[in-house]
Amino acid sequence: MPPEAARYAAVKVFHCDHCNQLLFFENVNCVRCGRALAYLPELLDLVSLDPVDAAANRWSSPRASKELRLCQNYATHDVCNQALAADSPNSLCRSCLLTRTIPNLSRPANHRLWYNLEVAKRRLLYTLDQLGLPLKNRIEDPEHGLSFDFLEDPDPGSGAPPVMTGHAQGVITVNVSEADDAERVRRRVELNEPYRTLLGHFRHEIGHYYWDLLIRESPRLDAFRTKFGDERASYDAALHRHYQGPQGTPGAPATWQDNYVSAYATMHPWEDWAETWAHYLHMTDTLETAAACGISLRPPRADEPTLKHVPNPTEGAVSFERMMEGWSAITYVLNNLNRGLGNGDAYPFVLSTPSIEKLRFVHETVSAAR
């Protein structure tokens with residue numbers, strides 16, 4: 001597991017099916033038995049591999065019904081850890097098939113950035129699969145399928161505009177620089193976005209994709225407009241209004257926390273939805289991880305947060321009320337642990353009643369699409 005992978009350690013807890021060693025989502029070898037590993041999306045799990053003919057990229061697993069081969073990006077570029085059926089017509093796994101444009105690998109630093117981008121994307125897909133959300137690539141559905149472009153800013157002096165991370169008709173573009181920690185921190189400070197993360201970008205942009213898929217022409221559209229506002233309002237005008245601060249810096253009403261999960265959510269109903277959707281996925285992943293780790297809270301005082309079992313929203317039968325109750329207790333612990341390490345709050349948010357109701361709407365939308 002490359003050093004960068006430690007920054008993503010979350011989601012479900014995995015174990016080697018050969019020796020029962022604890023594993024993490026990005027592992028490619030078991031540190032105890034040395035077995036090669038691969039993630040199988042159809043099982044939502046890591047499996048150990050036995051070579052049938054490793055030189056020919058043929059593998060078997062006691063948990064797979066078919067012979068396997070490693071994704072080409074796993075076998076050749078070491079930016080993936082998934083396998084697919086050996087008789088698949090594709091050389092790439094389901095996740096890598098979604099990437100339409102990769103960074104320019106003639107620039108050595110881009111391999112590490114590409115790895116970071118693919119890790120974040122695979123974690124996003126894991127959550128979407130756990131939630132049972134529909135997802136097809138552009139080959140399966142040319143009109144409504146999903147794809148990703150990982151693009152670099154043009155060379156200075158070219159006069160071309162910088163690459164903007166965003167979504168348009170099923171294509172999610174991510175600026176490769178967002179996968180560089182130092183550059184992302186610089187933008188985080190410059191744009192006053194204290195929770196800017198690479199995985200957060202993926203969660204936000206996929207929210208736009210699912211608005212098109214689950215809201216745009218659905219019976220839920222009127223309810224969406226009641227909660228989030230009318231998305232037919234001019235997006236260009238909203239964008240100009242939001243970035244009218246000194247030298248184009250973002251701005252939001254001083255009272256934005258009364259109704260929104262973030263300052264950026266105030267810009268337009270589409271962005272309010274995408275930010276709320278991203279927040280819901282953030283909550284879902286954290287709660288699933290806490291549940292998988294067996295966390296419970298048994299404080300010595302009755303007036304402190306108590307939690308017997310962490311609700312796991314990916315199981316499908318968890319009510320929104322129970323999810324929020326567990327979230328309140330978990331964030332209490334997260335923030336106190338972070339302060340004990342001398343850091344700021346791990347969860348620097350205060351959810352207002354309107355924001356919670358928007359999260360409830362997302363929860364209901366996901367449940368209906370499951």
# chains A, B, ... in the order shown; residues from 1 in each chain; ligands from 1
call {"tool": "select_by_dssp", "arguments": {"residues": "stretch 91-190 of chain A", "states": "strand (DSSP E)", "output": "list in words"}}
result
Thr99, Arg100, Thr101, Ser147, Phe148, Asp149, Phe150, Leu151, Gly166, His167, Ala168, Val171, Ile172, Thr173, Val174 and Asn175 of chain A
call {"tool": "residues_around", "arguments": {"residues": "stretch 160-166 of chain A", "least_positions_apart": "5", "cutoff": "10 Å", "atoms": "only C-alpha atoms", "output": "list in words"}}
result
Asp149, Phe150, Leu151, Glu152, Asp153, Pro154, Asp155, Val171, Ile172, Thr173, Val174, Asn175, Val176, Ser177, Glu178, His201, Phe202, His204, Glu205, Ile206 and His208 of chain A
call {"tool": "residues_around", "arguments": {"residues": "A:Cys33", "least_positions_apart": "2", "cutoff": "10 Å", "atoms": "only C-alpha atoms", "output": "ChimeraX atom specification"}}
result
/A:16,18-21,29-31,35-36,48
call {"tool": "closest_residue", "arguments": {"among": "A:Thr306, A:Thr314, A:Gln257, A:Thr99", "to": "A:Ser328", "atoms": "only C-alpha atoms"}}
result
A:Thr306
call {"tool": "closest_residue", "arguments": {"among": "A:Ser61, A:Ser106, A:Ser88, A:Thr266", "to": "A:Gly229", "atoms": "only C-alpha atoms"}}
result
A:Thr266
call {"tool": "select_by_dssp", "arguments": {"residues": "stretch 121-197 of chain A", "states": "alpha helix (DSSP H)", "output": "list of chain:residue names"}}
result
A:Lys121, A:Arg122, A:Arg123, A:Leu124, A:Leu125, A:Tyr126, A:Thr127, A:Leu128, A:Asp129, A:Gln130, A:Asp181, A:Ala182, A:Glu183, A:Arg184, A:Val185, A:Arg186, A:Arg187, A:Arg188, A:Val189, A:Glu190
call {"tool": "residues_around", "arguments": {"residues": "A:Ala56", "least_positions_apart": "3", "cutoff": "12 Å", "atoms": "only C-alpha atoms", "output": "tab-separated table (two decimals) with N, CA, C and O atoms, in the first residue's frame"}}
result
chain	number	residue	atom	x	y	z
A	51	PRO	N	-2.25	-17.72	-8.00
A	51	PRO	CA	-1.88	-17.63	-9.42
A	51	PRO	C	-2.23	-18.90	-10.19
A	51	PRO	O	-1.89	-20.01	-9.76
A	52	VAL	N	-2.93	-18.74	-11.27
A	52	VAL	CA	-3.12	-19.82	-12.24
A	52	VAL	C	-1.97	-19.75	-13.24
A	52	VAL	O	-1.31	-20.75	-13.54
A	53	ASP	N	-1.73	-18.56	-13.72
A	53	ASP	CA	-0.58	-18.26	-14.58
A	53	ASP	C	-0.33	-16.76	-14.43
A	53	ASP	O	-0.86	-15.96	-15.20
A	59	TRP	N	-5.70	-15.61	-12.61
A	59	TRP	CA	-5.74	-15.82	-11.17
A	59	TRP	C	-7.04	-16.52	-10.79
A	59	TRP	O	-8.03	-16.46	-11.50
A	68	LEU	N	-10.06	-15.16	-12.77
A	68	LEU	CA	-9.96	-13.70	-12.75
A	68	LEU	C	-8.73	-13.23	-13.50
A	68	LEU	O	-7.79	-13.98	-13.73
A	69	ARG	N	-8.74	-11.95	-13.85
A	69	ARG	CA	-7.51	-11.28	-14.26
A	69	ARG	C	-7.51	-9.89	-13.64
A	69	ARG	O	-8.57	-9.30	-13.37
A	70	LEU	N	-6.31	-9.39	-13.38
A	70	LEU	CA	-6.18	-8.07	-12.78
A	70	LEU	C	-6.53	-7.00	-13.79
A	70	LEU	O	-6.24	-7.13	-14.99
A	72	GLN	N	-6.11	-3.89	-16.03
A	72	GLN	CA	-4.89	-3.46	-16.71
A	72	GLN	C	-4.18	-2.35	-15.94
A	72	GLN	O	-2.94	-2.30	-15.90
A	75	ALA	N	-2.31	-4.21	-13.16
A	75	ALA	CA	-1.17	-5.00	-13.61
A	75	ALA	C	-0.07	-4.16	-14.23
A	75	ALA	O	1.12	-4.48	-14.11
A	86	ALA	N	-11.98	-13.24	-16.08
A	86	ALA	CA	-10.97	-13.42	-17.12
A	86	ALA	C	-11.58	-13.41	-18.51
A	86	ALA	O	-10.91	-13.06	-19.49
